[in-house]
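Chemist: Below is the file target.json, which contains JSON, C-alpha atoms and all ligand atoms.
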[["chain", "number", "residue", "atom", "x", "y", "z"],
["T", 27, "MET", "CA", 0.00, 0.00, 0.00],
["T", 28, "SER", "CA", 1.28, 3.49, -0.79],
["T", 29, "SER", "CA", 1.57, 6.11, 1.95],
["T", 30, "SER", "CA", -1.16, 8.27, 0.40],
["T", 31, "ARG", "CA", -3.60, 5.35, 0.40],
["T", 32, "HIS", "CA", -2.59, 4.60, 3.99],
["T", 33, "PHE", "CA", -3.33, 8.21, 4.90],
["T", 34, "VAL", "CA", -6.79, 8.01, 3.31],
["T", 35, "LEU", "CA", -7.47, 4.74, 5.15],
["T", 36, "SER", "CA", -6.32, 6.11, 8.50],
["T", 37, "PHE", "CA", -8.61, 9.12, 7.98],
["T", 38, "PHE", "CA", -11.75, 7.49, 6.61],
["T", 39, "GLY", "CA", -11.41, 4.11, 8.38],
["T", 40, "PRO", "CA", -12.36, 5.53, 11.80],
["T", 41, "VAL", "CA", -15.18, 7.60, 10.24],
["T", 42, "VAL", "CA", -16.60, 4.45, 8.62],
["T", 43, "ALA", "CA", -16.18, 2.52, 11.89],
["T", 44, "PHE", "CA", -18.01, 5.27, 13.78],
["T", 45, "GLY", "CA", -20.84, 5.23, 11.23],
["T", 46, "ALA", "CA", -21.08, 1.44, 11.31],
["T", 47, "PHE", "CA", -21.29, 1.45, 15.10],
["T", 48, "CYS", "CA", -24.02, 4.13, 15.02],
["T", 49, "GLY", "CA", -25.95, 1.91, 12.59],
["T", 50, "PHE", "CA", -25.49, -1.03, 14.93],
["T", 51, "VAL", "CA", -26.82, 0.97, 17.91],
["T", 52, "GLY", "CA", -29.80, 1.94, 15.72],
["T", 53, "LEU", "CA", -30.52, -1.76, 15.22],
["T", 54, "ILE", "CA", -30.40, -2.61, 18.93],
["T", 55, "TRP", "CA", -31.97, 0.70, 20.07],
["T", 56, "ARG", "CA", -35.08, -0.90, 21.61],
["T", 57, "TRP", "CA", -33.03, -3.64, 23.28],
["T", 58, "LEU", "CA", -30.81, -0.97, 24.93],
["T", 59, "GLU", "CA", -33.84, 1.05, 26.10],
["T", 60, "HIS", "CA", -35.44, -2.12, 27.43],
["T", 61, "HIS", "CA", -32.31, -2.76, 29.50],
["T", 62, "GLN", "CA", -32.17, 0.85, 30.76],
["T", 63, "ILE", "CA", -29.04, 1.69, 28.75],
["T", 64, "PRO", "CA", -29.20, 5.14, 27.11],
["T", 65, "PRO", "CA", -28.71, 4.48, 23.35],
["T", 66, "LEU", "CA", -27.29, 7.95, 22.58],
["T", 67, "VAL", "CA", -24.55, 7.60, 25.23],
["T", 68, "THR", "CA", -23.77, 4.09, 23.94],
["T", 69, "MET", "CA", -23.59, 5.51, 20.41],
["T", 70, "MET", "CA", -21.14, 8.29, 21.32],
["T", 71, "VAL", "CA", -18.87, 6.33, 23.67],
["T", 72, "GLY", "CA", -18.91, 3.11, 21.63],
["T", 73, "GLY", "CA", -18.55, 4.98, 18.33],
["T", 74, "LEU", "CA", -15.50, 6.87, 19.61],
["T", 75, "ALA", "CA", -13.99, 3.64, 20.92],
["T", 76, "ALA", "CA", -14.59, 1.95, 17.55],
["T", 77, "ALA", "CA", -13.00, 4.91, 15.72],
["T", 78, "MET", "CA", -9.94, 4.94, 18.00],
["T", 79, "ALA", "CA", -9.55, 1.16, 17.72],
["T", 80, "THR", "CA", -9.66, 1.42, 13.92],
["T", 81, "ARG", "CA", -7.10, 4.24, 13.92],
["T", 82, "TRP", "CA", -4.83, 2.17, 16.16],
["T", 83, "PHE", "CA", -5.27, -0.89, 13.94],
["T", 84, "VAL", "CA", -4.41, 1.00, 10.72],
["T", 85, "ARG", "CA", -1.38, 2.59, 12.40],
["T", 86, "ASN", "CA", 0.05, -0.63, 13.85],
["T", 87, "CYS", "CA", -1.15, -3.43, 11.62],
["T", 88, "VAL", "CA", -1.39, -2.03, 8.07],
["T", 89, "PRO", "CA", 2.08, -1.80, 6.49],
["T", 90, "VAL", "CA", 3.20, 0.69, 3.84],
["T", 91, "ARG", "CA", 5.58, -0.50, 1.13],
["T", 92, "CYS", "CA", 9.10, 0.87, 1.63],
["T", 93, "PRO", "CA", 10.22, 2.91, -1.43],
["T", 94, "PHE", "CA", 13.87, 1.87, -0.86],
["T", 95, "CYS", "CA", 13.70, -1.90, -0.38],
["T", 96, "GLY", "CA", 10.02, -2.85, -0.74],
["T", 97, "GLY", "CA", 9.83, -4.00, 2.90],
["T", 98, "LYS", "CA", 7.07, -3.36, 5.37],
["T", 99, "SER", "CA", 7.04, 0.04, 7.07],
["T", 100, "TYR", "CA", 4.80, 1.30, 9.84],
["T", 101, "GLU", "CA", 3.78, 4.79, 10.91],
["T", 102, "ILE", "CA", 6.13, 6.50, 13.37],
["T", 103, "PRO", "CA", 4.18, 7.52, 16.52],
["T", 104, "GLU", "CA", 3.71, 11.29, 16.99],
["T", 105, "ARG", "CA", 4.91, 11.99, 13.44],
["T", 106, "GLY", "CA", 2.02, 12.30, 11.02],
["T", 107, "ASN", "CA", 2.39, 10.35, 7.77],
["T", 108, "ARG", "CA", 6.04, 9.35, 8.33],
["T", 109, "PHE", "CA", 6.91, 5.68, 8.10],
["T", 110, "MET", "CA", 9.81, 3.61, 9.42],
["T", 111, "CYS", "CA", 10.89, 0.56, 7.44],
["T", 112, "ARG", "CA", 11.19, -2.62, 9.52],
["T", 113, "VAL", "CA", 13.61, -4.14, 7.00],
["T", 114, "CYS", "CA", 16.17, -1.43, 6.11],
["T", 115, "GLY", "CA", 15.41, 1.03, 8.96],
["T", 116, "LYS", "CA", 14.97, 4.09, 6.74],
["T", 117, "ASP", "CA", 12.12, 6.48, 7.31],
["T", 118, "HIS", "CA", 10.16, 8.05, 4.48],
["T", 201, "ZN", "ZN", 13.14, -0.47, 3.52]]
Write out the structure in this file as structure tokens.
Ligand SMILES: [Zn+2]
Modeler:
Amino acid sequence: MSSSRHFVLSFFGPVVAFGAFCGFVGLIWRWLEHHQIPPLVTMMVGGLAAAMATRWFVRNCVPVRCPFCGGKSYEIPERGNRFMCRVCGKDH
């Protein structure tokens, strides 16, 4: 995967996950109300958790192809859209 596609995925992945979770809460809305769980709170808290989990997953588990050696590189924490190659050690 190229770094630009990775960037798009890390941006839209969490948005899609949030939307999917909101849809899921919509499906079980009556069940939540029946069990005295506020659906809107569940939607916000669970949606945020789903978005953060997706962001974490893309960052740590989806490799970007190294332009120098073709190895797997992963995003460097705290540095937006910079990747460190696990094979040759270069960042790009
Ligand atoms: Zn490399």
Chemist: Please, which residues in chain T fall within 6 Å of ligand ZN 201 (chain T) when counting all atoms listed in the file, and what is the closest atom pair and distance in Å to one decimal for each, ordered by chain then residue number, as a Markdown table?
Modeler:
| residue | atom | partner | partner_atom | distance |
| --- | --- | --- | --- | --- |
| T:Cys92 | CA | T:ZN201 | ZN | 4.7 |
| T:Phe94 | CA | T:ZN201 | ZN | 5.0 |
| T:Cys95 | CA | T:ZN201 | ZN | 4.2 |
| T:Gly96 | CA | T:ZN201 | ZN | 5.8 |
| T:Gly97 | CA | T:ZN201 | ZN | 4.9 |
| T:Cys111 | CA | T:ZN201 | ZN | 4.6 |
| T:Val113 | CA | T:ZN201 | ZN | 5.1 |
| T:Cys114 | CA | T:ZN201 | ZN | 4.1 |
| T:Lys116 | CA | T:ZN201 | ZN | 5.9 |
Chemist: Let's have the selection written as an mmCIF file, in the frame of the given file, with C-alpha atoms.
Modeler:
data_model
loop_
_atom_site.group_PDB
_atom_site.id
_atom_site.type_symbol
_atom_site.label_atom_id
_atom_site.label_comp_id
_atom_site.auth_asym_id
_atom_site.auth_seq_id
_atom_site.Cartn_x
_atom_site.Cartn_y
_atom_site.Cartn_z
ATOM 1 C CA CYS T 92 9.100 0.870 1.630
ATOM 2 C CA PHE T 94 13.870 1.870 -0.860
ATOM 3 C CA CYS T 95 13.700 -1.900 -0.380
ATOM 4 C CA GLY T 96 10.020 -2.850 -0.740
ATOM 5 C CA GLY T 97 9.830 -4.000 2.900
ATOM 6 C CA CYS T 111 10.890 0.560 7.440
ATOM 7 C CA VAL T 113 13.610 -4.140 7.000
ATOM 8 C CA CYS T 114 16.170 -1.430 6.110
ATOM 9 C CA LYS T 116 14.970 4.090 6.740
#
Chemist: Mind giving me the straight-line distance from atom CA of T:Leu35 to atom CA of T:Phe50 in Å, one decimal?
Modeler: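 One can read the atom CA of T:Leu35 to atom CA of T:Phe50 distance as 21.3 Å.
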Chemist: Go through T:Phe47, T:Ser36, T:Tyr100, T:Met110 and flag the residue nearest T:Cys87, using only C-alpha atoms for the distances.
Modeler: T:Tyr100
Chemist: Write out as a list in words which residues come within 10 Å of stretch 55-59 of chain T when counting all atoms listed in the file, dropping same-chain ones fewer than 6 positions away.
Modeler: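 These residues fall inside the cut-off: Gly49, Pro65, Leu66, Thr68 and Met69 of chain T.
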Chemist: Write the residues of the preceding selection, restricted to C-alpha atoms, as an mmCIF file, in the coordinates of the input.
Modeler:
data_model
loop_
_atom_site.group_PDB
_atom_site.id
_atom_site.type_symbol
_atom_site.label_atom_id
_atom_site.label_comp_id
_atom_site.auth_asym_id
_atom_site.auth_seq_id
_atom_site.Cartn_x
_atom_site.Cartn_y
_atom_site.Cartn_z
ATOM 1 C CA GLY T 49 -25.950 1.910 12.590
ATOM 2 C CA PRO T 65 -28.710 4.480 23.350
ATOM 3 C CA LEU T 66 -27.290 7.950 22.580
ATOM 4 C CA THR T 68 -23.770 4.090 23.940
ATOM 5 C CA MET T 69 -23.590 5.510 20.410
#
Chemist: Using only C-alpha atoms, which residue out of T:Arg85, T:Gly115, T:Ala79, T:Gly45 lies closest to T:Glu101?
Modeler: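 For T:Glu101, the nearest of the candidates is T:Arg85.
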Chemist: Go ahead and compute the interatomic distance for atom CA of T:Arg81 and atom CA of T:Ile54, in Å to one decimal.
Modeler: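 Straight-line distance from atom CA of T:Arg81 to atom CA of T:Ile54 works out to 24.8 Å.
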Chemist: Can you measure atom CA of T:Ser28 to atom CA of T:Phe83 for me? One decimal in Å is fine.
Modeler: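 Interatomic distance here is 16.7 Å.
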Chemist: Using all atoms listed in the file, which residues sit within 12 Å of T:Met78 once same-chain residues fewer than 3 positions away are excluded, as a PyMOL selection string?
Modeler: chain T and resi 36-44+71-75+81-85
Chemist: For T:Val34, which of T:Gln62, T:Asp117, T:Asn107, T:Arg112 is the closest residue, counting all atoms listed in the file?
Modeler: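 Of all the options, T:Asn107 lies closest to T:Val34.
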